[in-house]
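> Data: query_18.csv, CSV, C-alpha atoms.
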```csv
chain,number,residue,atom,x,y,z
W,1191,MET,CA,-13.2,-15.1,1.2
W,1192,ASN,CA,-15.1,-16.6,-1.7
W,1193,ILE,CA,-12.9,-16.4,-4.8
W,1194,ALA,CA,-15.4,-17.4,-7.4
W,1195,THR,CA,-15.9,-15.2,-10.5
W,1196,GLY,CA,-18.7,-14.8,-12.9
W,1197,PHE,CA,-17.3,-17.6,-15.1
W,1198,TYR,CA,-15.7,-20.0,-12.7
W,1199,THR,CA,-16.7,-21.6,-9.4
W,1200,GLU,CA,-14.5,-21.3,-6.3
W,1201,GLU,CA,-13.9,-25.1,-6.4
W,1202,GLU,CA,-12.6,-24.8,-10.0
W,1203,LEU,CA,-10.3,-21.9,-9.1
W,1204,ILE,CA,-8.9,-23.4,-5.9
W,1205,LYS,CA,-8.1,-26.5,-8.0
W,1206,ALA,CA,-6.3,-24.4,-10.6
W,1207,LEU,CA,-4.4,-22.5,-8.0
W,1208,SER,CA,-3.3,-25.8,-6.4
W,1209,ALA,CA,-2.0,-27.2,-9.6
W,1210,GLY,CA,1.8,-27.6,-9.9
W,1211,ASN,CA,1.8,-25.8,-13.3
W,1212,ARG,CA,-0.3,-22.8,-12.1
W,1213,ASP,CA,0.5,-19.6,-14.0
W,1214,VAL,CA,0.3,-16.7,-11.5
W,1215,PHE,CA,1.4,-13.1,-11.9
W,1216,TYR,CA,0.6,-9.7,-10.3
W,1217,GLU,CA,-0.6,-6.4,-11.7
W,1218,PHE,CA,-0.5,-3.0,-10.0
W,1219,PHE,CA,-2.7,0.0,-11.0
W,1220,LEU,CA,-2.0,3.6,-10.0
W,1221,LEU,CA,-5.0,5.8,-9.2
W,1222,ASP,CA,-5.3,9.5,-8.5
W,1223,GLN,CA,-6.8,10.9,-5.4
W,1224,ASN,CA,-10.3,10.7,-7.0
W,1225,GLU,CA,-9.6,7.0,-7.6
W,1226,ASN,CA,-9.4,7.4,-11.4
W,1227,THR,CA,-7.0,4.9,-12.9
W,1228,ILE,CA,-3.9,6.5,-14.3
W,1229,GLY,CA,-2.3,3.3,-15.5
W,1230,SER,CA,-0.3,0.3,-14.5
W,1231,LEU,CA,2.8,0.7,-12.4
W,1232,PRO,CA,5.8,-1.7,-12.5
W,1233,ILE,CA,6.5,-2.8,-8.9
W,1234,GLU,CA,9.4,-4.8,-7.6
W,1235,GLN,CA,9.7,-6.5,-4.2
W,1236,GLY,CA,5.9,-6.0,-3.6
W,1237,LYS,CA,4.7,-7.2,-0.3
W,1238,ILE,CA,1.3,-7.0,1.6
W,1239,SER,CA,1.1,-7.5,5.3
W,1240,TYR,CA,-2.2,-7.8,7.2
W,1241,ASP,CA,-2.4,-7.7,11.0
W,1242,SER,CA,-5.9,-7.6,12.6
W,1243,SER,CA,-4.5,-6.2,15.9
W,1244,ASN,CA,-3.5,-3.0,14.2
W,1245,GLU,CA,-5.9,0.0,13.6
W,1246,VAL,CA,-4.6,0.1,10.0
W,1247,MET,CA,-4.6,-3.6,9.2
W,1248,ARG,CA,-3.4,-3.9,5.6
W,1249,THR,CA,-0.1,-2.4,4.5
W,1250,PHE,CA,2.0,-2.5,1.3
W,1251,THR,CA,5.7,-2.1,0.5
W,1252,GLY,CA,7.5,-2.2,-2.8
W,1253,ALA,CA,9.7,-0.3,-5.1
W,1254,THR,CA,9.4,1.3,-8.6
W,1255,LYS,CA,11.0,3.8,-10.9
W,1256,LYS,CA,9.9,7.5,-11.2
W,1257,THR,CA,7.9,8.1,-14.3
W,1258,GLU,CA,6.0,11.0,-15.9
W,1259,GLN,CA,2.7,9.5,-14.7
W,1260,PHE,CA,4.0,8.9,-11.2
W,1261,ASN,CA,4.8,12.5,-10.1
W,1262,LEU,CA,6.1,12.7,-6.6
W,1263,ASP,CA,5.1,16.3,-6.3
W,1264,SER,CA,1.5,15.1,-6.2
W,1265,THR,CA,0.0,13.5,-3.1
W,1266,ASP,CA,-2.5,10.8,-2.2
W,1267,TYR,CA,-2.0,8.4,-5.0
W,1268,TYR,CA,-3.7,5.1,-4.5
W,1269,LEU,CA,-2.5,1.6,-5.5
W,1270,ARG,CA,-4.6,-1.4,-6.4
W,1271,PRO,CA,-2.6,-4.6,-6.7
W,1272,TYR,CA,-4.2,-7.7,-8.2
W,1273,MET,CA,-3.2,-11.4,-8.1
W,1274,CYS,CA,-3.8,-12.9,-11.5
W,1275,LEU,CA,-4.2,-16.4,-12.8
W,1276,ARG,CA,-4.0,-17.5,-16.5
W,1277,TYR,CA,-6.7,-20.2,-16.7
W,1278,ASN,CA,-8.5,-21.7,-19.7
W,1279,GLY,CA,-7.3,-18.9,-22.0
W,1280,ASP,CA,-8.6,-16.3,-19.6
W,1281,ILE,CA,-7.0,-14.1,-17.0
W,1282,VAL,CA,-8.7,-14.2,-13.6
W,1283,ARG,CA,-8.0,-11.3,-11.3
W,1284,TRP,CA,-8.4,-10.9,-7.6
W,1285,PRO,CA,-8.0,-7.5,-5.8
W,1286,LEU,CA,-5.6,-7.5,-2.9
W,1287,GLY,CA,-6.5,-4.2,-1.3
W,1288,LYS,CA,-6.5,-0.4,-1.9
W,1289,PHE,CA,-3.6,1.5,-0.5
W,1290,ILE,CA,-2.8,5.2,0.0
W,1291,LEU,CA,0.8,5.6,-1.1
W,1292,ASN,CA,3.6,7.3,0.7
W,1293,PRO,CA,6.5,7.3,-1.8
W,1294,SER,CA,10.1,8.4,-1.1
W,1295,GLU,CA,12.7,9.0,-3.8
W,1296,SER,CA,16.4,8.1,-3.9
W,1297,HIS,CA,19.0,8.5,-6.7
W,1298,GLN,CA,21.6,5.9,-7.8
W,1299,ASP,CA,23.5,5.7,-11.0
W,1300,HIS,CA,21.5,8.6,-12.5
W,1301,MET,CA,18.3,6.6,-12.0
W,1302,SER,CA,15.4,7.7,-9.8
W,1303,ASP,CA,14.2,4.9,-7.5
W,1304,VAL,CA,11.0,5.2,-5.5
W,1305,THR,CA,10.3,3.2,-2.3
W,1306,ILE,CA,6.6,2.8,-1.7
W,1307,ILE,CA,4.8,2.3,1.6
W,1308,GLY,CA,1.0,2.0,1.3
W,1309,TYR,CA,-1.8,1.9,3.9
W,1310,ASP,CA,-5.4,0.7,3.6
W,1311,PRO,CA,-8.1,3.4,3.9
W,1312,GLY,CA,-8.1,3.0,7.7
W,1313,LYS,CA,-5.2,5.5,7.6
W,1314,ILE,CA,-7.7,8.2,6.6
W,1315,ALA,CA,-9.6,7.7,9.9
W,1316,LEU,CA,-6.3,7.5,11.9
W,1317,ASP,CA,-5.1,10.8,10.5
W,1318,ASP,CA,-8.5,12.6,10.8
W,1319,LYS,CA,-8.9,13.9,14.4
W,1320,THR,CA,-11.6,15.8,16.1
W,1321,ASP,CA,-11.2,19.6,16.3
W,1322,SER,CA,-13.6,19.9,19.2
W,1323,ARG,CA,-14.9,17.8,22.0
W,1324,THR,CA,-17.1,15.1,20.6
W,1325,TYR,CA,-20.3,14.4,22.5
W,1326,ALA,CA,-23.1,11.9,22.1
W,1327,ALA,CA,-26.2,12.1,24.3
W,1328,THR,CA,-27.7,9.3,26.2
W,1329,GLY,CA,-29.8,7.2,23.9
W,1330,SER,CA,-27.5,7.5,20.9
W,1331,ILE,CA,-27.6,4.5,18.6
W,1332,TYR,CA,-24.1,3.1,18.5
W,1333,THR,CA,-24.0,1.9,14.9
W,1334,SER,CA,-25.8,5.1,13.6
W,1335,LEU,CA,-23.1,7.3,15.3
W,1336,ALA,CA,-20.3,5.0,14.0
W,1337,ALA,CA,-21.8,5.1,10.4
W,1338,GLN,CA,-22.2,8.9,10.6
W,1339,ILE,CA,-18.6,9.4,11.5
W,1340,ALA,CA,-17.3,6.9,9.0
W,1341,GLY,CA,-19.6,8.5,6.4
W,1342,THR,CA,-17.6,11.8,6.6
W,1343,MET,CA,-14.6,9.9,5.3
W,1344,TYR,CA,-15.8,6.9,3.2
W,1345,SER,CA,-18.4,6.7,0.5
W,1346,ASN,CA,-18.8,2.9,0.5
W,1347,ILE,CA,-19.6,1.3,3.9
W,1348,ASN,CA,-20.9,-2.2,4.6
W,1349,ILE,CA,-22.6,-2.0,8.0
W,1350,GLU,CA,-24.8,-4.4,9.9
W,1351,THR,CA,-27.0,-2.0,11.9
W,1352,SER,CA,-28.0,-2.5,15.6
W,1353,LEU,CA,-30.6,-0.6,17.5
W,1354,LYS,CA,-28.7,-0.7,20.8
W,1355,GLU,CA,-28.6,2.7,22.5
W,1356,SER,CA,-26.1,4.2,24.9
W,1357,LEU,CA,-27.2,4.2,28.5
W,1358,ASN,CA,-25.0,7.2,29.3
W,1359,PRO,CA,-23.6,10.3,27.5
W,1360,LEU,CA,-20.4,9.7,25.6
W,1361,GLU,CA,-17.5,12.1,25.1
W,1362,TRP,CA,-14.1,12.2,23.5
W,1363,GLU,CA,-11.3,14.8,23.8
W,1364,ILE,CA,-10.2,17.3,21.1
W,1365,GLY,CA,-7.6,15.6,18.9
W,1366,THR,CA,-9.1,12.1,19.2
W,1367,GLU,CA,-8.5,10.0,16.1
W,1368,LYS,CA,-11.9,9.2,14.4
W,1369,ILE,CA,-10.9,5.5,14.1
W,1370,THR,CA,-10.6,5.5,17.9
W,1371,ILE,CA,-14.1,6.9,18.3
W,1372,ILE,CA,-15.6,4.4,15.9
W,1373,ASN,CA,-13.9,1.5,17.5
W,1374,ASP,CA,-14.9,2.6,21.0
W,1375,LEU,CA,-18.5,2.6,19.8
W,1376,LEU,CA,-18.2,-0.8,18.2
W,1377,GLN,CA,-16.5,-2.3,21.2
W,1378,SER,CA,-19.5,-1.2,23.4
W,1379,ILE,CA,-21.8,-3.5,21.4
W,1380,SER,CA,-19.3,-6.4,20.9
W,1381,TYR,CA,-18.6,-5.6,17.2
W,1382,SER,CA,-15.4,-6.3,15.4
W,1383,PRO,CA,-13.2,-3.2,14.9
W,1384,MET,CA,-13.7,-1.3,11.7
W,1385,HIS,CA,-11.7,-2.8,8.9
W,1386,PHE,CA,-11.5,-2.8,5.1
W,1387,ASP,CA,-11.8,-5.6,2.6
W,1388,GLU,CA,-9.8,-6.4,-0.5
W,1389,ASN,CA,-11.7,-3.8,-2.5
W,1390,GLY,CA,-11.1,-1.1,0.1
W,1391,ILE,CA,-14.7,-1.1,1.3
W,1392,CYS,CA,-15.3,-0.2,5.0
W,1393,GLN,CA,-16.7,-3.1,7.1
W,1394,ILE,CA,-18.7,-2.5,10.3
W,1395,LEU,CA,-19.9,-5.9,11.5
W,1396,PRO,CA,-20.6,-7.8,14.7
W,1397,TYR,CA,-18.0,-10.0,16.3
W,1398,VAL,CA,-18.5,-13.7,15.6
W,1399,MET,CA,-17.4,-16.2,18.3
W,1400,ASP,CA,-15.1,-19.0,17.1
W,1401,ALA,CA,-17.8,-21.6,17.8
W,1402,ASN,CA,-20.1,-19.9,15.3
W,1403,ARG,CA,-17.7,-19.2,12.6
W,1404,GLU,CA,-18.1,-21.1,9.3
W,1405,ILE,CA,-15.1,-22.6,7.7
W,1406,GLU,CA,-14.0,-20.4,4.7
W,1407,ARG,CA,-10.9,-22.3,3.4
W,1408,VAL,CA,-9.4,-25.7,3.8
W,1409,TYR,CA,-5.6,-26.3,3.8
W,1410,GLN,CA,-4.5,-29.9,3.8
W,1411,ASP,CA,-1.4,-31.9,2.8
W,1412,ASP,CA,-3.0,-33.9,0.0
W,1413,ASP,CA,-1.9,-34.3,-3.6
W,1414,GLY,CA,-3.1,-30.7,-4.4
W,1415,SER,CA,-1.5,-29.2,-1.4
W,1416,VAL,CA,-0.2,-25.6,-1.6
W,1417,ILE,CA,1.5,-26.0,1.9
W,1418,ILE,CA,5.2,-25.5,2.0
W,1419,ASP,CA,7.0,-27.9,4.3
W,1420,GLY,CA,7.7,-26.5,7.8
W,1421,LEU,CA,5.4,-25.4,10.6
W,1422,LYS,CA,6.0,-23.4,13.7
W,1423,VAL,CA,3.8,-24.1,16.7
W,1424,GLU,CA,4.0,-22.0,19.9
W,1425,THR,CA,2.2,-22.4,23.2
W,1426,ASN,CA,1.9,-20.1,26.2
W,1427,LYS,CA,0.6,-22.5,28.7
W,1428,PHE,CA,1.9,-21.0,31.9
W,1429,GLU,CA,0.2,-17.6,31.7
W,1430,VAL,CA,-3.2,-18.6,30.2
W,1431,PRO,CA,-5.9,-17.0,32.4
W,1432,ASN,CA,-8.8,-19.1,33.6
W,1433,LYS,CA,-10.9,-16.2,34.9
W,1434,ILE,CA,-11.8,-13.0,32.9
W,1435,VAL,CA,-13.3,-10.0,34.7
W,1436,ARG,CA,-14.4,-6.7,33.1
W,1437,TYR,CA,-16.3,-3.8,34.8
W,1438,VAL,CA,-17.5,-0.4,33.8
W,1439,GLU,CA,-15.3,2.3,35.3
W,1440,ASN,CA,-17.2,5.4,34.1
W,1441,PRO,CA,-18.5,7.2,37.3
W,1442,ASP,CA,-21.5,8.5,35.2
W,1443,ALA,CA,-22.5,5.0,34.2
W,1444,ALA,CA,-24.3,2.3,36.1
W,1445,TYR,CA,-21.9,-0.1,37.8
W,1446,LEU,CA,-21.7,-3.3,35.8
W,1447,ILE,CA,-19.4,-6.2,36.2
W,1448,SER,CA,-19.1,-9.5,34.3
W,1449,SER,CA,-16.8,-12.5,34.7
W,1450,TYR,CA,-16.1,-15.8,32.9
W,1451,ILE,CA,-14.5,-18.7,34.7
W,1452,ASN,CA,-12.9,-21.7,33.0
W,1453,ASP,CA,-13.8,-24.5,35.3
W,1454,ASP,CA,-14.0,-27.2,32.6
W,1455,PRO,CA,-12.5,-30.5,34.0
W,1456,ASP,CA,-11.5,-31.4,30.4
W,1457,SER,CA,-9.4,-28.2,30.0
W,1458,PRO,CA,-5.8,-28.4,31.3
W,1459,TYR,CA,-5.9,-24.7,32.1
W,1460,SER,CA,-9.1,-24.6,34.1
W,1461,THR,CA,-9.3,-23.7,37.8
W,1462,VAL,CA,-10.1,-27.4,38.5
W,1463,ASN,CA,-6.9,-28.7,36.9
W,1464,ARG,CA,-4.5,-25.9,37.7
W,1465,GLY,CA,-5.6,-25.8,41.3
W,1466,ARG,CA,-5.4,-22.0,41.3
W,1467,ILE,CA,-7.1,-19.0,39.7
W,1468,ILE,CA,-5.3,-16.8,37.2
W,1469,VAL,CA,-7.3,-13.6,36.7
W,1470,ASP,CA,-7.2,-11.2,33.8
W,1471,THR,CA,-9.1,-8.0,34.8
W,1472,ASP,CA,-9.6,-4.6,33.2
W,1473,ALA,CA,-12.0,-1.7,33.1
W,1474,VAL,CA,-14.2,-0.6,30.1
W,1475,GLU,CA,-15.4,3.0,29.8
W,1476,ASP,CA,-18.7,2.3,28.1
W,1477,ILE,CA,-20.9,-0.7,27.3
W,1478,ALA,CA,-24.5,-0.8,26.0
W,1479,SER,CA,-25.9,-3.2,28.6
W,1480,GLN,CA,-25.1,-6.1,31.0
W,1481,ALA,CA,-25.8,-8.5,28.2
W,1482,ASP,CA,-23.2,-6.7,26.0
W,1483,LEU,CA,-20.7,-6.7,28.8
W,1484,ASP,CA,-21.2,-10.5,29.2
W,1485,SER,CA,-20.8,-10.9,25.4
W,1486,TYR,CA,-17.6,-8.8,25.5
W,1487,VAL,CA,-16.2,-10.9,28.3
W,1488,ARG,CA,-16.8,-14.1,26.4
W,1489,LYS,CA,-15.1,-12.5,23.4
W,1490,ILE,CA,-12.0,-11.7,25.6
W,1491,ALA,CA,-12.1,-15.2,27.0
W,1492,ALA,CA,-12.1,-16.6,23.5
W,1493,GLU,CA,-9.1,-14.5,22.6
W,1494,LYS,CA,-7.0,-14.9,25.8
W,1495,MET,CA,-8.0,-18.4,26.9
W,1496,GLN,CA,-7.0,-19.7,23.5
W,1497,ALA,CA,-3.3,-19.0,24.0
W,1498,VAL,CA,-2.8,-22.7,24.1
W,1499,GLU,CA,-1.7,-22.8,20.5
W,1500,THR,CA,-0.6,-20.4,17.8
W,1501,LEU,CA,0.7,-21.6,14.5
W,1502,GLN,CA,2.7,-20.2,11.5
W,1503,LEU,CA,2.0,-21.8,8.2
W,1504,GLU,CA,3.6,-21.1,4.8
W,1505,THR,CA,1.8,-21.7,1.5
W,1506,LEU,CA,1.8,-20.6,-2.1
W,1507,ASN,CA,0.1,-17.2,-2.4
W,1508,MET,CA,-3.7,-17.6,-2.3
W,1509,PRO,CA,-6.3,-14.8,-2.9
W,1510,GLY,CA,-9.3,-14.1,-0.7
W,1511,HIS,CA,-7.7,-13.6,2.7
W,1512,GLY,CA,-8.8,-10.8,4.9
W,1513,PHE,CA,-10.0,-10.2,8.4
W,1514,HIS,CA,-10.1,-13.2,10.8
W,1515,ASN,CA,-10.7,-15.8,8.2
W,1516,CYS,CA,-11.7,-19.2,9.6
W,1517,LEU,CA,-9.5,-22.0,8.2
W,1518,LEU,CA,-9.7,-25.8,8.6
W,1519,LEU,CA,-6.2,-27.3,8.7
W,1520,SER,CA,-5.7,-31.0,8.1
W,1521,ILE,CA,-2.0,-31.6,8.0
W,1522,ASP,CA,-1.4,-35.3,8.8
W,1523,SER,CA,2.4,-35.1,8.5
W,1524,TYR,CA,2.4,-32.7,11.5
W,1525,GLY,CA,-0.6,-34.1,13.4
W,1526,ILE,CA,-2.5,-30.8,12.9
W,1527,GLU,CA,-6.2,-31.1,12.6
W,1528,GLY,CA,-8.8,-28.5,13.5
W,1529,LYS,CA,-10.3,-25.1,13.1
W,1530,TYR,CA,-8.0,-22.0,13.2
W,1531,ILE,CA,-8.6,-18.2,13.0
W,1532,GLU,CA,-6.2,-16.2,10.9
W,1533,THR,CA,-5.0,-13.2,12.8
W,1534,ALA,CA,-2.4,-12.0,10.4
W,1535,TRP,CA,-0.8,-12.8,7.1
W,1536,GLU,CA,1.9,-11.7,4.6
W,1537,MET,CA,2.2,-12.1,0.8
W,1538,ASP,CA,5.3,-11.7,-1.3
W,1539,LEU,CA,4.0,-10.4,-4.7
W,1540,SER,CA,6.7,-11.9,-6.9
W,1541,GLU,CA,7.2,-14.9,-9.1
W,1542,GLY,CA,7.2,-17.9,-6.9
W,1543,GLY,CA,6.2,-15.7,-3.9
W,1544,THR,CA,4.8,-17.4,-0.8
W,1545,MET,CA,2.3,-16.5,1.9
W,1546,ARG,CA,2.8,-16.7,5.6
W,1547,HIS,CA,-0.3,-17.3,7.8
W,1548,TYR,CA,-0.4,-16.5,11.5
W,1549,LEU,CA,-3.1,-18.6,13.1
W,1550,LYS,CA,-4.7,-19.2,16.5
W,1551,LYS,CA,-6.5,-22.3,17.5
W,1552,ALA,CA,-10.2,-21.7,17.5
W,1553,VAL,CA,-11.5,-22.2,21.0
W,1554,MET,CA,-15.1,-23.0,21.8
W,1555,VAL,CA,-15.7,-20.9,25.0
```
Do you think you could lay out the structure here as structure tokens?

Amino acid sequence: MNIATGFYTEEELIKALSAGNRDVFYEFFLLDQNENTIGSLPIEQGKISYDSSNEVMRTFTGATKKTEQFNLDSTDYYLRPYMCLRYNGDIVRWPLGKFILNPSESHQDHMSDVTIIGYDPGKIALDDKTDSRTYAATGSIYTSLAAQIAGTMYSNINIETSLKESLNPLEWEIGTEKITIINDLLQSISYSPMHFDENGICQILPYVMDANREIERVYQDDDGSVIIDGLKVETNKFEVPNKIVRYVENPDAAYLISSYINDDPDSPYSTVNRGRIIVDTDAVEDIASQADLDSYVRKIAAEKMQAVETLQLETLNMPGHGFHNCLLLSIDSYGIEGKYIETAWEMDLSEGGTMRHYLKKAVMV
């Protein structure tokens, strides 16, 4: 999320990006399947979408013209888009992802147009499936097994290791996507799902509760605001649960159950104030321990008991956004003040392009 470079601080660059006369443009570089740069590619109607609820979170769409360097008979091109700022006589560049391209060709007026759809490297683990039953013995270290599987597909992995071991044997059917196996393992120890940063580097990291998240970016309606007028706020008050229950369903595992109840008298959705219990219950196949199940239940509570408020915000395009960024919003004109978690976003990579942020109110469960 930090957008500082070797020459300029983050504060300087945010100020420059917030200026009314900012000079922003976009560059797109085509890479071969070995990630060697072939050259720049002119892209029209470029757009990046990021949705943390998807297995492949970052996608790209755009259009270009067929050229000699962009041969559609070849496969597995990569695209690296950059957001660029002219500042103090320099050009500052920020990567916006690495995408495996799926081009399709059409012909019009004797010209060859190419529509591009691109996927972040998570697509590799979605397409790669097991060709035999995958088995892990009791005592397997979850992060070691996840790293081992990810290492068959990715050369650069940022992983925070854990020594937690499985209490039971683990098994997956033939044809299971490797991204599913990795995320099953990570869920068992209350990690975030595997995702990829703006450089295309695989991230395997613990889940951080909203209460413990540090603010990464501030958006406010001051003189240097990049916010575009108009907000959309939605609430789902009626169906917000006030009790979360999860239990281990695997017959080979020890029976574990955990629950979290919102009985806070200051919460309008609590059992106290609603006068009834609204339960969200589900089974999990594997979990490392009772403590991990308790942690997982609190994670679910933070996600589902926060349905009080979701918000859509539009700004000028800003670099540095990725997975579940923590934003502080201070928008006096709409009475918005507080900490929000960004669950999805979209960027139009064109002159004057804007960015849409999909946010949920951070809840301190």
> For region 1479-1485 of chain W, find every residue with an atom within 7 Å (counting only C-alpha atoms), except residues of its own chain fewer than 3 positions away, and show them as a ChimeraX atom specification.
/W:1379-1380,1446,1448,1488-1489
> Which one is closest to Ile1371 (chain W): W:Glu1536, W:Glu1439, W:Glu1493, W:Asp1476? Count only C-alpha atoms.
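Result for the nearest residue to Ile1371 (chain W): W:Asp1476.
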> To one decimal in Å, tell me the separation between CA of Tyr1325 (chain W) and CA of Leu1360 (chain W).
5.6 Å
> Go through W:Arg1283, W:Ala1336, W:Ala1492, W:Gly1229 one by one, measure the shortest atom-to-atom distance of each to Val1214 (chain W) using all atoms listed in the file, and give the residue with the smallest value.
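Selected residue with least distance to Val1214 (chain W): W:Arg1283.
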> Any idea what the distance is between CA of Phe1513 (chain W) and CA of Asp1374 (chain W)?
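Straight-line distance from CA of Phe1513 (chain W) to CA of Asp1374 (chain W) works out to 18.6 Å.
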> Tell me, as number ranges by chain, which residues lie within 9 Å of Tyr1437 (chain W), counting only C-alpha atoms; anything in the same chain fewer than 3 positions away does not count.
W: 1445-1449, 1471-1475, 1483
> CA of Ser1208 (chain W) to CA of Val1416 (chain W): how many Å, to one decimal?
5.7 Å
> Using all atoms listed in the file, pick whichever of W:Asn1389, W:Asn1463, W:Asn1226, W:Asn1244 has the shortest atom-to-atom distance to His1511 (chain W).
W:Asn1389
> How about completing region 1379-1394 of chain W with N, CA and C atoms and giving it to me as a PDB file, keeping the file's coordinate frame?

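Result file is part20.pdb:
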```
ATOM      1  N   ILE W1379     -20.705  -2.574  21.807  1.00  0.00           N
ATOM      2  CA  ILE W1379     -21.800  -3.500  21.400  1.00  0.00           C
ATOM      3  C   ILE W1379     -21.229  -4.805  20.881  1.00  0.00           C
ATOM      4  N   SER W1380     -19.981  -5.105  21.252  1.00  0.00           N
ATOM      5  CA  SER W1380     -19.300  -6.400  20.900  1.00  0.00           C
ATOM      6  C   SER W1380     -19.292  -6.562  19.353  1.00  0.00           C
ATOM      7  N   TYR W1381     -18.923  -5.485  18.644  1.00  0.00           N
ATOM      8  CA  TYR W1381     -18.600  -5.600  17.200  1.00  0.00           C
ATOM      9  C   TYR W1381     -17.150  -5.750  17.004  1.00  0.00           C
ATOM     10  N   SER W1382     -16.777  -6.238  15.831  1.00  0.00           N
ATOM     11  CA  SER W1382     -15.400  -6.300  15.400  1.00  0.00           C
ATOM     12  C   SER W1382     -14.925  -4.821  15.177  1.00  0.00           C
ATOM     13  N   PRO W1383     -13.624  -4.536  15.257  1.00  0.00           N
ATOM     14  CA  PRO W1383     -13.200  -3.200  14.900  1.00  0.00           C
ATOM     15  C   PRO W1383     -13.407  -2.911  13.425  1.00  0.00           C
ATOM     16  N   MET W1384     -13.517  -1.649  13.089  1.00  0.00           N
ATOM     17  CA  MET W1384     -13.700  -1.300  11.700  1.00  0.00           C
ATOM     18  C   MET W1384     -12.491  -1.766  10.883  1.00  0.00           C
ATOM     19  N   HIS W1385     -12.761  -2.363   9.721  1.00  0.00           N
ATOM     20  CA  HIS W1385     -11.700  -2.800   8.900  1.00  0.00           C
ATOM     21  C   HIS W1385     -12.128  -2.712   7.403  1.00  0.00           C
ATOM     22  N   PHE W1386     -11.210  -3.027   6.491  1.00  0.00           N
ATOM     23  CA  PHE W1386     -11.500  -2.800   5.100  1.00  0.00           C
ATOM     24  C   PHE W1386     -11.155  -4.095   4.302  1.00  0.00           C
ATOM     25  N   ASP W1387     -12.023  -4.411   3.336  1.00  0.00           N
ATOM     26  CA  ASP W1387     -11.800  -5.600   2.600  1.00  0.00           C
ATOM     27  C   ASP W1387     -10.884  -5.435   1.427  1.00  0.00           C
ATOM     28  N   GLU W1388     -10.748  -6.468   0.576  1.00  0.00           N
ATOM     29  CA  GLU W1388      -9.800  -6.400  -0.500  1.00  0.00           C
ATOM     30  C   GLU W1388     -10.119  -5.381  -1.565  1.00  0.00           C
ATOM     31  N   ASN W1389     -11.355  -4.860  -1.561  1.00  0.00           N
ATOM     32  CA  ASN W1389     -11.700  -3.800  -2.500  1.00  0.00           C
ATOM     33  C   ASN W1389     -11.653  -2.412  -1.844  1.00  0.00           C
ATOM     34  N   GLY W1390     -11.202  -2.367  -0.588  1.00  0.00           N
ATOM     35  CA  GLY W1390     -11.100  -1.100   0.100  1.00  0.00           C
ATOM     36  C   GLY W1390     -12.408  -0.604   0.668  1.00  0.00           C
ATOM     37  N   ILE W1391     -13.393  -1.501   0.822  1.00  0.00           N
ATOM     38  CA  ILE W1391     -14.700  -1.100   1.300  1.00  0.00           C
ATOM     39  C   ILE W1391     -14.716  -1.267   2.862  1.00  0.00           C
ATOM     40  N   CYS W1392     -15.221  -0.241   3.536  1.00  0.00           N
ATOM     41  CA  CYS W1392     -15.300  -0.200   5.000  1.00  0.00           C
ATOM     42  C   CYS W1392     -16.275  -1.243   5.503  1.00  0.00           C
ATOM     43  N   GLN W1393     -15.854  -2.008   6.524  1.00  0.00           N
ATOM     44  CA  GLN W1393     -16.700  -3.100   7.100  1.00  0.00           C
ATOM     45  C   GLN W1393     -16.957  -2.760   8.583  1.00  0.00           C
ATOM     46  N   ILE W1394     -18.238  -2.679   8.947  1.00  0.00           N
ATOM     47  CA  ILE W1394     -18.700  -2.500  10.300  1.00  0.00           C
ATOM     48  C   ILE W1394     -19.624  -3.621  10.655  1.00  0.00           C
TER      49      ILE W1394
END
```
